[in-house]
$ cat final.pdb   # PDB, C-alpha atoms and all ligand atoms
MODEL        1
ATOM      1  CA  MET X 124       0.000   0.000   0.000
ATOM      2  CA  SER X 125       1.330   3.429  -0.943
ATOM      3  CA  ARG X 126       2.343   5.553   1.953
ATOM      4  CA  ILE X 127       2.615   8.751  -0.057
ATOM      5  CA  ILE X 128       0.745  11.527   1.744
ATOM      6  CA  THR X 129       0.400  14.968   0.207
ATOM      7  CA  ILE X 130       1.214  17.301   3.071
ATOM      8  CA  GLY X 131       0.436  21.006   2.904
ATOM      9  CA  VAL X 132       2.014  23.747   4.946
ATOM     10  CA  ALA X 133      -0.347  26.692   5.339
ATOM     11  CA  GLN X 134       1.762  29.714   6.199
ATOM     12  CA  LEU X 135      -0.147  32.646   7.640
ATOM     13  CA  GLY X 136       0.794  36.250   7.113
ATOM     14  CA  PRO X 137       0.519  38.724   9.990
ATOM     15  CA  ILE X 138      -2.517  38.729  12.289
ATOM     16  CA  SER X 139      -3.185  42.113  13.832
ATOM     17  CA  ARG X 140      -4.079  42.550  17.479
ATOM     18  CA  ASP X 141      -7.661  43.457  16.693
ATOM     19  CA  GLU X 142      -8.229  40.691  14.130
ATOM     20  CA  SER X 143     -11.017  38.394  15.292
ATOM     21  CA  ARG X 144     -10.753  34.625  15.644
ATOM     22  CA  GLY X 145     -13.400  34.413  12.940
ATOM     23  CA  ALA X 146     -11.238  36.377  10.510
ATOM     24  CA  ALA X 147      -8.179  34.229  11.241
ATOM     25  CA  VAL X 148     -10.216  31.052  10.800
ATOM     26  CA  GLY X 149     -11.582  32.466   7.533
ATOM     27  CA  ARG X 150      -8.023  32.819   6.239
ATOM     28  CA  MET X 151      -7.216  29.296   7.409
ATOM     29  CA  LEU X 152     -10.300  28.000   5.581
ATOM     30  CA  ALA X 153      -9.261  29.768   2.383
ATOM     31  CA  LEU X 154      -5.899  28.002   2.559
ATOM     32  CA  MET X 155      -7.679  24.710   3.206
ATOM     33  CA  GLU X 156      -9.738  25.158   0.024
ATOM     34  CA  ARG X 157      -6.564  25.797  -1.941
ATOM     35  CA  ALA X 158      -4.967  22.780  -0.314
ATOM     36  CA  VAL X 159      -7.732  20.380  -1.293
ATOM     37  CA  ARG X 160      -7.447  21.488  -4.928
ATOM     38  CA  ARG X 161      -3.787  20.473  -4.787
ATOM     39  CA  GLY X 162      -4.517  17.041  -3.374
ATOM     40  CA  VAL X 163      -3.413  17.808   0.180
ATOM     41  CA  THR X 164      -4.788  15.458   2.837
ATOM     42  CA  MET X 165      -2.834  16.800   5.830
ATOM     43  CA  LEU X 166      -2.443  20.533   6.482
ATOM     44  CA  VAL X 167      -0.074  22.220   8.938
ATOM     45  CA  TYR X 168      -0.844  25.684  10.324
ATOM     46  CA  PRO X 169       1.457  27.819  12.522
ATOM     47  CA  GLU X 170       1.988  28.266  16.251
ATOM     48  CA  LEU X 171      -0.662  30.496  17.900
ATOM     49  CA  ALA X 172      -2.541  30.508  14.619
ATOM     50  CA  LEU X 173      -5.730  32.144  15.900
ATOM     51  CA  THR X 174      -4.313  35.423  17.216
ATOM     52  CA  THR X 175      -1.449  37.820  16.946
ATOM     53  CA  PHE X 176       1.764  36.724  18.707
ATOM     54  CA  PHE X 177       0.742  38.401  21.979
ATOM     55  CA  PRO X 178       3.856  37.512  24.086
ATOM     56  CA  ARG X 179       5.496  40.499  22.398
ATOM     57  CA  TRP X 180       3.617  42.771  24.811
ATOM     58  CA  PHE X 181       3.821  43.061  28.563
ATOM     59  CA  MET X 182       0.344  42.940  30.062
ATOM     60  CA  ALA X 183      -0.210  43.066  33.810
ATOM     61  CA  ASP X 184      -3.931  42.372  33.703
ATOM     62  CA  GLN X 185      -4.622  38.632  33.561
ATOM     63  CA  SER X 186      -8.100  39.198  32.146
ATOM     64  CA  GLU X 187      -6.519  41.029  29.207
ATOM     65  CA  ILE X 188      -3.981  38.219  28.701
ATOM     66  CA  ASP X 189      -6.790  35.674  28.809
ATOM     67  CA  THR X 190      -8.489  37.258  25.812
ATOM     68  CA  PHE X 191      -5.818  35.543  23.703
ATOM     69  CA  PHE X 192      -6.524  32.078  25.171
ATOM     70  CA  GLU X 193      -8.984  29.363  24.137
ATOM     71  CA  THR X 194     -10.928  27.624  26.871
ATOM     72  CA  GLU X 195     -12.482  25.013  24.602
ATOM     73  CA  MET X 196     -11.514  23.293  21.381
ATOM     74  CA  PRO X 197     -13.283  23.236  19.062
ATOM     75  CA  SER X 198     -14.950  26.508  19.974
ATOM     76  CA  ALA X 199     -17.683  28.374  18.127
ATOM     77  CA  ALA X 200     -14.984  30.278  16.241
ATOM     78  CA  THR X 201     -12.892  27.250  15.268
ATOM     79  CA  ARG X 202     -15.682  24.764  14.574
ATOM     80  CA  PRO X 203     -15.966  25.790  10.886
ATOM     81  CA  LEU X 204     -12.405  24.586  10.411
ATOM     82  CA  PHE X 205     -13.217  21.200  11.941
ATOM     83  CA  ASP X 206     -16.447  20.885   9.972
ATOM     84  CA  ARG X 207     -14.969  21.775   6.601
ATOM     85  CA  ALA X 208     -11.920  19.565   7.114
ATOM     86  CA  ARG X 209     -14.172  16.617   7.969
ATOM     87  CA  GLU X 210     -16.223  17.217   4.801
ATOM     88  CA  LEU X 211     -12.998  17.258   2.789
ATOM     89  CA  GLY X 212     -11.466  14.287   4.617
ATOM     90  CA  MET X 213      -8.476  16.450   5.512
ATOM     91  CA  ALA X 214      -6.331  16.090   8.620
ATOM     92  CA  PHE X 215      -4.822  19.236  10.104
ATOM     93  CA  THR X 216      -2.818  20.649  12.967
ATOM     94  CA  PHE X 217      -2.568  24.150  14.413
ATOM     95  CA  GLY X 218      -1.288  25.914  17.483
ATOM     96  CA  TYR X 219      -3.201  28.036  19.976
ATOM     97  CA  ALA X 220      -3.012  29.413  23.498
ATOM     98  CA  GLU X 221      -4.788  26.927  25.726
ATOM     99  CA  LYS X 222      -6.331  27.739  29.115
ATOM    100  CA  MET X 223      -7.548  24.774  31.135
ATOM    101  CA  VAL X 224      -8.744  24.401  34.683
ATOM    102  CA  ILE X 225      -6.906  21.394  36.102
ATOM    103  CA  ASP X 226      -7.537  20.346  39.714
ATOM    104  CA  GLY X 227      -9.312  23.643  40.285
ATOM    105  CA  ARG X 228      -6.335  25.707  39.091
ATOM    106  CA  PRO X 229      -6.150  27.650  35.816
ATOM    107  CA  ARG X 230      -3.274  26.411  33.658
ATOM    108  CA  ARG X 231      -2.063  28.050  30.468
ATOM    109  CA  PHE X 232      -0.040  26.375  27.726
ATOM    110  CA  ASN X 233       1.256  27.085  24.254
ATOM    111  CA  ALA X 234      -0.453  24.104  22.652
ATOM    112  CA  SER X 235      -1.173  22.353  19.395
ATOM    113  CA  ILE X 236      -3.593  19.669  18.307
ATOM    114  CA  LEU X 237      -3.673  17.079  15.558
ATOM    115  CA  VAL X 238      -7.100  16.487  14.030
ATOM    116  CA  SER X 239      -7.824  13.356  11.999
ATOM    117  CA  PRO X 240      -9.637  13.324   8.618
ATOM    118  CA  GLU X 241     -12.695  12.200  10.593
ATOM    119  CA  GLY X 242     -12.591  15.436  12.598
ATOM    120  CA  GLU X 243     -11.383  13.918  15.887
ATOM    121  CA  ILE X 244      -8.608  15.458  17.987
ATOM    122  CA  VAL X 245      -6.232  12.515  18.027
ATOM    123  CA  SER X 246      -3.228  14.133  19.699
ATOM    124  CA  ARG X 247      -2.390  17.150  21.861
ATOM    125  CA  TYR X 248       0.938  18.749  22.566
ATOM    126  CA  ARG X 249       2.040  21.483  24.982
ATOM    127  CA  LYS X 250       5.224  23.362  24.121
ATOM    128  CA  ILE X 251       8.176  22.025  26.083
ATOM    129  CA  HIS X 252      10.880  24.601  25.293
ATOM    130  CA  LEU X 253       9.453  28.009  26.173
ATOM    131  CA  PRO X 254      11.813  30.806  25.124
ATOM    132  CA  GLY X 255      11.905  34.360  26.392
ATOM    133  CA  HIS X 256      11.670  35.890  29.853
ATOM    134  CA  PHE X 257       9.366  36.411  32.837
ATOM    135  CA  GLU X 258       9.487  40.135  33.539
ATOM    136  CA  ASN X 259       8.926  43.269  31.495
ATOM    137  CA  GLU X 260      12.251  44.282  29.927
ATOM    138  CA  PRO X 261      11.665  47.724  28.405
ATOM    139  CA  TRP X 262      15.146  47.851  26.824
ATOM    140  CA  ARG X 263      13.930  45.344  24.218
ATOM    141  CA  ALA X 264      12.362  46.539  20.978
ATOM    142  CA  PHE X 265       9.569  44.095  21.847
ATOM    143  CA  GLN X 266       9.005  41.581  24.605
ATOM    144  CA  HIS X 267       9.038  37.793  24.400
ATOM    145  CA  LEU X 268       7.016  36.828  27.467
ATOM    146  CA  GLU X 269       6.249  33.190  26.744
ATOM    147  CA  LYS X 270       7.831  32.230  30.072
ATOM    148  CA  ARG X 271       5.438  34.590  31.852
ATOM    149  CA  TYR X 272       2.229  33.737  30.036
ATOM    150  CA  PHE X 273       2.622  29.958  29.623
ATOM    151  CA  GLU X 274       3.670  27.033  31.733
ATOM    152  CA  PRO X 275       6.016  24.558  30.055
ATOM    153  CA  GLY X 276       4.408  21.360  28.822
ATOM    154  CA  GLU X 277       4.653  18.509  31.297
ATOM    155  CA  GLU X 278       4.187  15.625  28.885
ATOM    156  CA  PRO X 279       7.057  14.357  26.714
ATOM    157  CA  PHE X 280       6.810  14.396  22.947
ATOM    158  CA  SER X 281       4.423  11.733  21.735
ATOM    159  CA  VAL X 282       3.674   9.894  18.523
ATOM    160  CA  CYS X 283       0.225   9.281  17.105
ATOM    161  CA  ASP X 284      -0.924   6.788  14.446
ATOM    162  CA  MET X 285      -2.946   8.445  11.716
ATOM    163  CA  MET X 286      -3.488   7.849   7.983
ATOM    164  CA  GLY X 287      -1.136   4.879   8.037
ATOM    165  CA  GLY X 288       1.742   6.977   9.404
ATOM    166  CA  LYS X 289       3.271   8.041  12.699
ATOM    167  CA  TRP X 290       2.989  11.736  13.555
ATOM    168  CA  ALA X 291       4.565  13.953  16.184
ATOM    169  CA  MET X 292       4.137  17.646  16.957
ATOM    170  CA  ALA X 293       6.527  20.285  18.249
ATOM    171  CA  ILE X 294       6.242  24.063  18.476
ATOM    172  CA  CYS X 295       8.633  26.772  17.324
ATOM    173  CA  ASN X 296      11.601  26.934  19.726
ATOM    174  CA  ASP X 297      11.439  23.129  20.078
ATOM    175  CA  ARG X 298      12.814  22.932  16.535
ATOM    176  CA  ARG X 299      16.174  24.328  17.622
ATOM    177  CA  TRP X 300      16.757  21.463  20.081
ATOM    178  CA  PRO X 301      18.228  18.221  18.686
ATOM    179  CA  GLU X 302      16.549  16.311  21.522
ATOM    180  CA  THR X 303      13.138  17.087  20.016
ATOM    181  CA  TYR X 304      13.800  15.164  16.816
ATOM    182  CA  ARG X 305      15.686  12.295  18.457
ATOM    183  CA  GLU X 306      13.008  11.739  21.093
ATOM    184  CA  CYS X 307      10.291  11.719  18.426
ATOM    185  CA  ALA X 308      12.318   9.435  16.145
ATOM    186  CA  LEU X 309      13.062   7.003  18.967
ATOM    187  CA  ARG X 310       9.313   6.862  19.525
ATOM    188  CA  GLY X 311       8.877   5.986  15.853
ATOM    189  CA  ALA X 312       7.679   9.301  14.393
ATOM    190  CA  GLU X 313       7.800   9.544  10.610
ATOM    191  CA  VAL X 314       6.548  13.121  10.303
ATOM    192  CA  LEU X 315       7.208  15.972  12.705
ATOM    193  CA  THR X 316       4.904  18.962  12.302
ATOM    194  CA  LEU X 317       5.961  22.378  13.579
ATOM    195  CA  GLY X 318       4.503  25.843  13.746
ATOM    196  CA  TYR X 319       6.564  28.922  14.478
ATOM    197  CA  ASN X 320       6.588  32.688  15.128
ATOM    198  CA  THR X 321      10.198  33.792  14.784
ATOM    199  CA  PRO X 322      11.070  37.483  14.913
ATOM    200  CA  LEU X 323      13.909  38.470  12.601
ATOM    201  CA  HIS X 324      15.372  40.497  15.458
ATOM    202  CA  TYR X 325      16.754  38.575  18.439
ATOM    203  CA  PRO X 326      17.366  41.151  21.191
ATOM    204  CA  LEU X 327      19.870  39.021  23.128
ATOM    205  CA  ALA X 328      22.206  38.558  20.149
ATOM    206  CA  PRO X 329      21.299  41.057  17.419
ATOM    207  CA  GLU X 330      24.535  40.179  15.638
ATOM    208  CA  HIS X 331      22.714  36.968  14.638
ATOM    209  CA  ASP X 332      19.694  38.722  13.131
ATOM    210  CA  HIS X 333      20.963  38.186   9.599
ATOM    211  CA  LEU X 334      21.219  34.445  10.332
ATOM    212  CA  GLN X 335      17.577  33.858  11.328
ATOM    213  CA  ALA X 336      16.606  32.202   8.039
ATOM    214  CA  PHE X 337      19.794  30.138   7.990
ATOM    215  CA  HIS X 338      19.349  28.911  11.568
ATOM    216  CA  ASN X 339      15.691  28.097  10.893
ATOM    217  CA  HIS X 340      16.506  25.683   8.111
ATOM    218  CA  LEU X 341      19.807  24.518   9.599
ATOM    219  CA  CYS X 342      18.195  23.010  12.682
ATOM    220  CA  MET X 343      15.215  21.489  10.867
ATOM    221  CA  GLN X 344      17.241  20.005   8.015
ATOM    222  CA  ALA X 345      19.754  18.567  10.466
ATOM    223  CA  GLY X 346      16.958  17.194  12.640
ATOM    224  CA  ALA X 347      15.200  15.611   9.663
ATOM    225  CA  TYR X 348      18.351  13.964   8.334
ATOM    226  CA  ALA X 349      19.897  12.763  11.589
ATOM    227  CA  ASN X 350      16.616  11.136  12.534
ATOM    228  CA  GLY X 351      15.166  10.076   9.197
ATOM    229  CA  LEU X 352      11.996  12.159   9.589
ATOM    230  CA  TRP X 353       9.823  14.299   7.381
ATOM    231  CA  VAL X 354       9.514  17.810   8.831
ATOM    232  CA  ALA X 355       6.590  20.060   7.879
ATOM    233  CA  ALA X 356       7.010  23.549   9.330
ATOM    234  CA  SER X 357       4.564  26.438   9.074
ATOM    235  CA  ALA X 358       5.386  30.059   9.910
ATOM    236  CA  LYS X 359       3.341  33.008  10.970
ATOM    237  CA  ALA X 360       5.218  35.500   8.881
ATOM    238  CA  GLY X 361       5.519  39.101   7.818
ATOM    239  CA  ARG X 362       5.236  42.424   9.619
ATOM    240  CA  GLU X 363       2.894  41.765  12.519
ATOM    241  CA  GLU X 364       2.228  44.774  14.742
ATOM    242  CA  ASN X 365       5.558  46.332  13.720
ATOM    243  CA  CYS X 366       7.512  43.131  14.364
ATOM    244  CA  ASP X 367       8.998  41.321  11.368
ATOM    245  CA  LEU X 368       8.476  37.557  11.487
ATOM    246  CA  LEU X 369      10.405  35.034   9.441
ATOM    247  CA  GLY X 370       8.646  33.143   6.644
ATOM    248  CA  GLN X 371      10.298  30.294   4.744
ATOM    249  CA  SER X 372       7.740  27.689   5.785
ATOM    250  CA  CYS X 373       8.898  24.413   4.359
ATOM    251  CA  ILE X 374       8.690  20.665   3.971
ATOM    252  CA  ILE X 375      11.928  18.754   4.508
ATOM    253  CA  ALA X 376      12.563  15.170   3.419
ATOM    254  CA  PRO X 377      14.271  12.595   5.648
ATOM    255  CA  THR X 378      17.404  13.192   3.588
ATOM    256  CA  GLY X 379      17.478  16.763   4.897
ATOM    257  CA  GLU X 380      16.497  18.259   1.528
ATOM    258  CA  ILE X 381      13.952  21.069   1.423
ATOM    259  CA  VAL X 382      11.332  19.857  -1.060
ATOM    260  CA  ALA X 383       8.907  22.795  -0.772
ATOM    261  CA  MET X 384       9.299  26.294   0.597
ATOM    262  CA  ALA X 385       7.185  29.425   0.858
ATOM    263  CA  SER X 386       8.486  32.420  -1.047
ATOM    264  CA  THR X 387       6.318  35.162   0.477
ATOM    265  CA  VAL X 388       5.631  36.361   3.996
ATOM    266  CA  GLY X 389       1.862  36.268   3.550
ATOM    267  CA  ASP X 390      -0.830  33.592   3.526
ATOM    268  CA  GLU X 391       0.700  30.936   1.303
ATOM    269  CA  LEU X 392       0.325  27.230   0.719
ATOM    270  CA  VAL X 393       3.184  24.919  -0.160
ATOM    271  CA  CYS X 394       2.835  21.181  -0.498
ATOM    272  CA  ALA X 395       4.742  18.033  -1.329
ATOM    273  CA  ASP X 396       4.092  14.348  -1.862
ATOM    274  CA  CYS X 397       5.716  12.786   1.174
ATOM    275  CA  ASP X 398       6.486   9.089   0.939
ATOM    276  CA  LEU X 399       6.624   7.963   4.540
ATOM    277  CA  ASP X 400       8.637   4.903   3.506
ATOM    278  CA  ARG X 401      11.511   7.232   2.667
ATOM    279  CA  THR X 402      12.209   7.404   6.402
ATOM    280  CA  ARG X 403      13.670   3.917   5.940
ATOM    281  CA  GLU X 404      16.414   5.161   3.606
ATOM    282  CA  ILE X 405      17.965   6.808   6.638
ATOM    283  CA  ARG X 406      16.767   4.684   9.535
ATOM    284  CA  GLU X 407      17.750   1.357   8.026
ATOM    285  CA  ASN X 408      21.139   2.616   6.947
ATOM    286  CA  ILE X 409      23.263   5.510   8.155
ATOM    287  CA  PHE X 410      21.133   6.172  11.259
ATOM    288  CA  ASN X 411      20.032   2.645  12.045
ATOM    289  CA  PHE X 412      19.553   3.322  15.744
ATOM    290  CA  ALA X 413      19.456  -0.327  16.821
ATOM    291  CA  MET X 414      22.621  -1.198  14.927
ATOM    292  CA  HIS X 415      24.830   1.861  15.386
ATOM    293  CA  ARG X 416      23.599   4.056  18.210
ATOM    294  CA  ARG X 417      25.542   3.822  21.516
ATOM    295  CA  PRO X 418      23.296   5.263  24.240
ATOM    296  CA  ASP X 419      25.527   3.845  26.975
ATOM    297  CA  MET X 420      28.285   6.074  25.622
ATOM    298  CA  TYR X 421      26.118   9.181  26.041
ATOM    299  CA  PRO X 422      25.370   9.004  29.798
ATOM    300  CA  LEU X 423      24.937  12.761  30.116
ATOM    301  CA  LEU X 424      22.173  12.676  27.515
ATOM    302  CA  SER X 425      20.254   9.953  29.285
ATOM    303  CA  GLY X 426      20.576  11.811  32.585
ATOM    304  CA  ALA X 427      22.197   8.743  34.143
ATOM    305  CA  THR X 428      25.313  10.783  34.969
ATOM    306  CA  ARG X 429      25.486  14.407  35.989
ATOM    307  CA  PRO X 430      28.207  16.684  34.516
TER
HETATM  308  N1  LIG I 501       7.914  31.497  19.275
HETATM  309  C1  LIG I 501       9.186  31.117  19.519
HETATM  310  O1  LIG I 501       9.429  30.119  20.172
HETATM  311  N2  LIG I 501      10.147  31.926  19.000
HETATM  312  C2  LIG I 501      11.555  31.692  19.220
HETATM  313  C3  LIG I 501      12.340  32.976  19.210
HETATM  314  C4  LIG I 501      12.049  33.820  20.381
HETATM  315  C5  LIG I 501      13.834  32.708  19.241
HETATM  316  C6  LIG I 501      12.142  30.764  18.170
HETATM  317  O2  LIG I 501      12.869  29.838  18.561
HETATM  318  O3  LIG I 501      11.938  30.971  16.979
ENDMDL
END

$ encode --input "final.pdb" --output "structure tokens"
Amino acid sequence: MSRIITIGVAQLGPISRDESRGAAVGRMLALMERAVRRGVTMLVYPELALTTFFPRWFMADQSEIDTFFETEMPSAATRPLFDRARELGMAFTFGYAEKMVIDGRPRRFNASILVSPEGEIVSRYRKIHLPGHFENEPWRAFQHLEKRYFEPGEEPFSVCDMMGGKWAMAICNDRRWPETYRECALRGAEVLTLGYNTPLHYPLAPEHDHLQAFHNHLCMQAGAYANGLWVAASAKAGREENCDLLGQSCIIAPTGEIVAMASTVGDELVCADCDLDRTREIRENIFNFAMHRRPDMYPLLSGATRP
């Protein structure tokens, strides 16, 4: 049986602070319609796809912060996405700010979900590597308060069976960490989906600003190759509330080659036929984990030994 899945990456251009959920979902639906015409059966949207990237502002008032969070999924605003995807038989994934009451306590996460072609949420993920800072730092051109507004995910990366393949999710900063890909690959993932919001300006090391696009692809191509995974990565891009966000959404083969890439910083669809069996070219050869990997020689990685 063929395991070729046409994966689409639905890059979103900027979402302004006053843009409604309904408007954002409308743009996502328009990309979904384009995707189905191109034979896509799995569509990847960005991190925090329903709102502007609000961690760029310091807000003291929790009720104001909470306006950017979803308390249910699907919600009235997002249900059209679920309904249309089910009609089309299309799977999809997107990121959003999740607020849950757990054991009587409000918890907030930078989350993503994977929705099957039947319209069921089959996997959830809460961002593990939260970048940024906790306090207002007015010296910055803009804030990056993910550490303040979200708690880090408490569940490890996981792998879900869907459409005859094995799928894992990660979010934005996770893509810079080699552990993300290796953990997912060791769990058997064949496709890693990612959404990101990456400012071109990095206040802590502005001398690296010109390397943002390079570092974006460097880490994902290396992660794909060294772990024999497909990577499908979707940006929120363009000038959003005076902050320039990187585009270059892409699909990367298990060989590390970029097979599709966005060329604008607006709403754009790119897609590729992804043969999940191509993971074997890497995993049964150069990175055959069972045959060549030496975990006992990496005790610091396993946590068995402290530095
Ligand atoms: N949304 C993110 O996680 N952004 C980070 C920036 C702050 C470096 C990223 O890794 O792209």

$ residues_around --input "final.pdb" --residues "stretch 333-338 of chain X" --least-positions-apart "6" --cutoff "10 Å" --atoms "only C-alpha atoms" --output "ChimeraX atom specification"
/X:299,321-325,344,368-371

$ resolve_selection --input "final.pdb" --expression "the PyMOL selection byres (((not hetatm)) within 6 of (chain I and resi 501))" --output "list in words"
Pro254, Cys295, Asn296, Tyr319, Asn320 and Thr321 of chain X

$ resolve_selection --input "final.pdb" --expression "the PyMOL selection byres (((chain X and resi 262-273) around 8) and not hetatm)" --output "list of chain:residue names"
X:Pro178, X:Arg179, X:Trp180, X:Phe181, X:Ile188, X:Arg230, X:Arg231, X:Phe232, X:Asn233, X:Leu253, X:Pro254, X:Gly255, X:His256, X:Phe257, X:Glu258, X:Asn259, X:Glu260, X:Pro261, X:Glu274, X:Pro275, X:Pro326, X:Cys366

$ axis_aligned_box --input "final.pdb" --around "stretch 282-301 of chain X" --padding-each-side "4 Å" --output "lines of an AutoDock Vina configuration file"
center_x = 7.4
center_y = 15.9
center_z = 14.0
size_x = 29.7
size_y = 30.1
size_z = 20.1

$ resolve_selection --input "final.pdb" --expression "the PyMOL selection byres (((chain X and resi 150) around 12) and not hetatm)" --output "PyMOL selection string"
chain X and resi 133-138+142-149+151-157+168+172-174+201+203-204+389-392

$ closest_residue --input "final.pdb" --among "X:Gly162, X:Pro169, X:Pro229, X:Gly311" --to "X:Leu211" --atoms "only C-alpha atoms"
X:Gly162

$ closest_residue --input "final.pdb" --among "X:Pro422, X:Glu404, X:Phe177, X:Asp398" --to "X:Met124" --atoms "only C-alpha atoms"
X:Asp398

$ residues_near_point --input "final.pdb" --point "(18.4, 6.3, 5.5)" --cutoff "12 Å" --atoms "all atoms listed in the file" --output "PDB file with C-alpha atoms, keeping the file's coordinate frame"
ATOM      1  CA  ALA X 347      15.200  15.611   9.663  1.00  0.00           C
ATOM      2  CA  TYR X 348      18.351  13.964   8.334  1.00  0.00           C
ATOM      3  CA  ALA X 349      19.897  12.763  11.589  1.00  0.00           C
ATOM      4  CA  ASN X 350      16.616  11.136  12.534  1.00  0.00           C
ATOM      5  CA  GLY X 351      15.166  10.076   9.197  1.00  0.00           C
ATOM      6  CA  LEU X 352      11.996  12.159   9.589  1.00  0.00           C
ATOM      7  CA  TRP X 353       9.823  14.299   7.381  1.00  0.00           C
ATOM      8  CA  ALA X 376      12.563  15.170   3.419  1.00  0.00           C
ATOM      9  CA  PRO X 377      14.271  12.595   5.648  1.00  0.00           C
ATOM     10  CA  THR X 378      17.404  13.192   3.588  1.00  0.00           C
ATOM     11  CA  GLY X 379      17.478  16.763   4.897  1.00  0.00           C
ATOM     12  CA  LEU X 399       6.624   7.963   4.540  1.00  0.00           C
ATOM     13  CA  ASP X 400       8.637   4.903   3.506  1.00  0.00           C
ATOM     14  CA  ARG X 401      11.511   7.232   2.667  1.00  0.00           C
ATOM     15  CA  THR X 402      12.209   7.404   6.402  1.00  0.00           C
ATOM     16  CA  ARG X 403      13.670   3.917   5.940  1.00  0.00           C
ATOM     17  CA  GLU X 404      16.414   5.161   3.606  1.00  0.00           C
ATOM     18  CA  ILE X 405      17.965   6.808   6.638  1.00  0.00           C
ATOM     19  CA  ARG X 406      16.767   4.684   9.535  1.00  0.00           C
ATOM     20  CA  GLU X 407      17.750   1.357   8.026  1.00  0.00           C
ATOM     21  CA  ASN X 408      21.139   2.616   6.947  1.00  0.00           C
ATOM     22  CA  ILE X 409      23.263   5.510   8.155  1.00  0.00           C
ATOM     23  CA  PHE X 410      21.133   6.172  11.259  1.00  0.00           C
ATOM     24  CA  ASN X 411      20.032   2.645  12.045  1.00  0.00           C
ATOM     25  CA  PHE X 412      19.553   3.322  15.744  1.00  0.00           C
TER      26      PHE X 412
END

$ atom_distance --input "final.pdb" --atom1 "atom CA of X:Phe205" --atom2 "atom CA of X:Thr164"
13.7 Å

$ atom_distance --input "final.pdb" --atom1 "atom CA of X:Glu363" --atom2 "atom CA of X:Val388"
10.5 Å

$ closest_residue --input "final.pdb" --among "X:Ala308, X:Leu166, X:Met343, X:Val224" --to "X:Ala208" --atoms "all atoms listed in the file"
X:Leu166

$ atom_distance --input "final.pdb" --atom1 "atom CA of X:Arg209" --atom2 "atom CA of X:Ala234"
21.4 Å

$ closest_residue --input "final.pdb" --among "X:Asp184, X:Ser198, X:Arg160, X:His252" --to "X:Met213" --atoms "all atoms listed in the file"
X:Arg160

$ residues_near_point --input "final.pdb" --point "(8.0, 11.3, 16.5)" --cutoff "6 Å" --atoms "all atoms listed in the file" --output "PyMOL selection string"
chain X and resi 282+290-291+307-308+310-312

$ closest_residue --input "final.pdb" --among "X:Leu423, X:Leu237, X:Ala355, X:Cys373" --to "X:Ser281" --atoms "all atoms listed in the file"
X:Leu237

$ closest_residue --input "final.pdb" --among "X:Thr190, X:Arg416, X:Ile375, X:Ala214" --to "X:Asp396" --atoms "all atoms listed in the file"
X:Ile375

$ residues_around --input "final.pdb" --residues "X:Pro197" --least-positions-apart "2" --cutoff "12 Å" --atoms "all atoms listed in the file" --output "list in words"
Val148, Glu193, Thr194, Glu195, Ala199, Ala200, Thr201, Arg202, Pro203, Leu204, Phe205, Asp206, Phe217, Tyr219, Glu221, Ile236, Leu237, Val238, Gly242, Glu243 and Ile244 of chain X

$ decode --input "final.pdb" --residues "stretch 248-255 of chain X" --atoms "N, CA, C and O atoms" --output "short mmCIF file (atom, residue, chain, number, x, y, z; two decimals), in the first residue's frame"
data_model
loop_
_atom_site.label_atom_id
_atom_site.label_comp_id
_atom_site.auth_asym_id
_atom_site.auth_seq_id
_atom_site.Cartn_x
_atom_site.Cartn_y
_atom_site.Cartn_z
N TYR X 248 -0.45 18.51 22.16
CA TYR X 248 0.94 18.75 22.57
C TYR X 248 1.01 20.12 23.24
O TYR X 248 0.36 21.07 22.79
N ARG X 249 1.82 20.20 24.30
CA ARG X 249 2.04 21.48 24.98
C ARG X 249 3.52 21.80 24.94
O ARG X 249 4.33 20.99 25.39
N LYS X 250 3.84 22.97 24.43
CA LYS X 250 5.22 23.36 24.12
C LYS X 250 6.16 23.13 25.31
O LYS X 250 5.90 23.63 26.42
N ILE X 251 7.22 22.41 25.04
CA ILE X 251 8.18 22.03 26.08
C ILE X 251 9.24 23.10 26.28
O ILE X 251 9.57 23.47 27.41
N HIS X 252 9.82 23.60 25.19
CA HIS X 252 10.88 24.60 25.29
C HIS X 252 10.27 25.99 25.12
O HIS X 252 10.02 26.42 23.98
N LEU X 253 10.03 26.66 26.23
CA LEU X 253 9.45 28.01 26.17
C LEU X 253 10.58 29.03 26.19
O LEU X 253 11.29 29.16 27.19
N PRO X 254 10.75 29.80 25.12
CA PRO X 254 11.81 30.81 25.12
C PRO X 254 11.36 32.09 25.82
O PRO X 254 10.20 32.22 26.22
N GLY X 255 12.28 33.03 25.92
CA GLY X 255 11.91 34.36 26.39
C GLY X 255 12.20 34.57 27.86
O GLY X 255 13.11 33.99 28.43
#
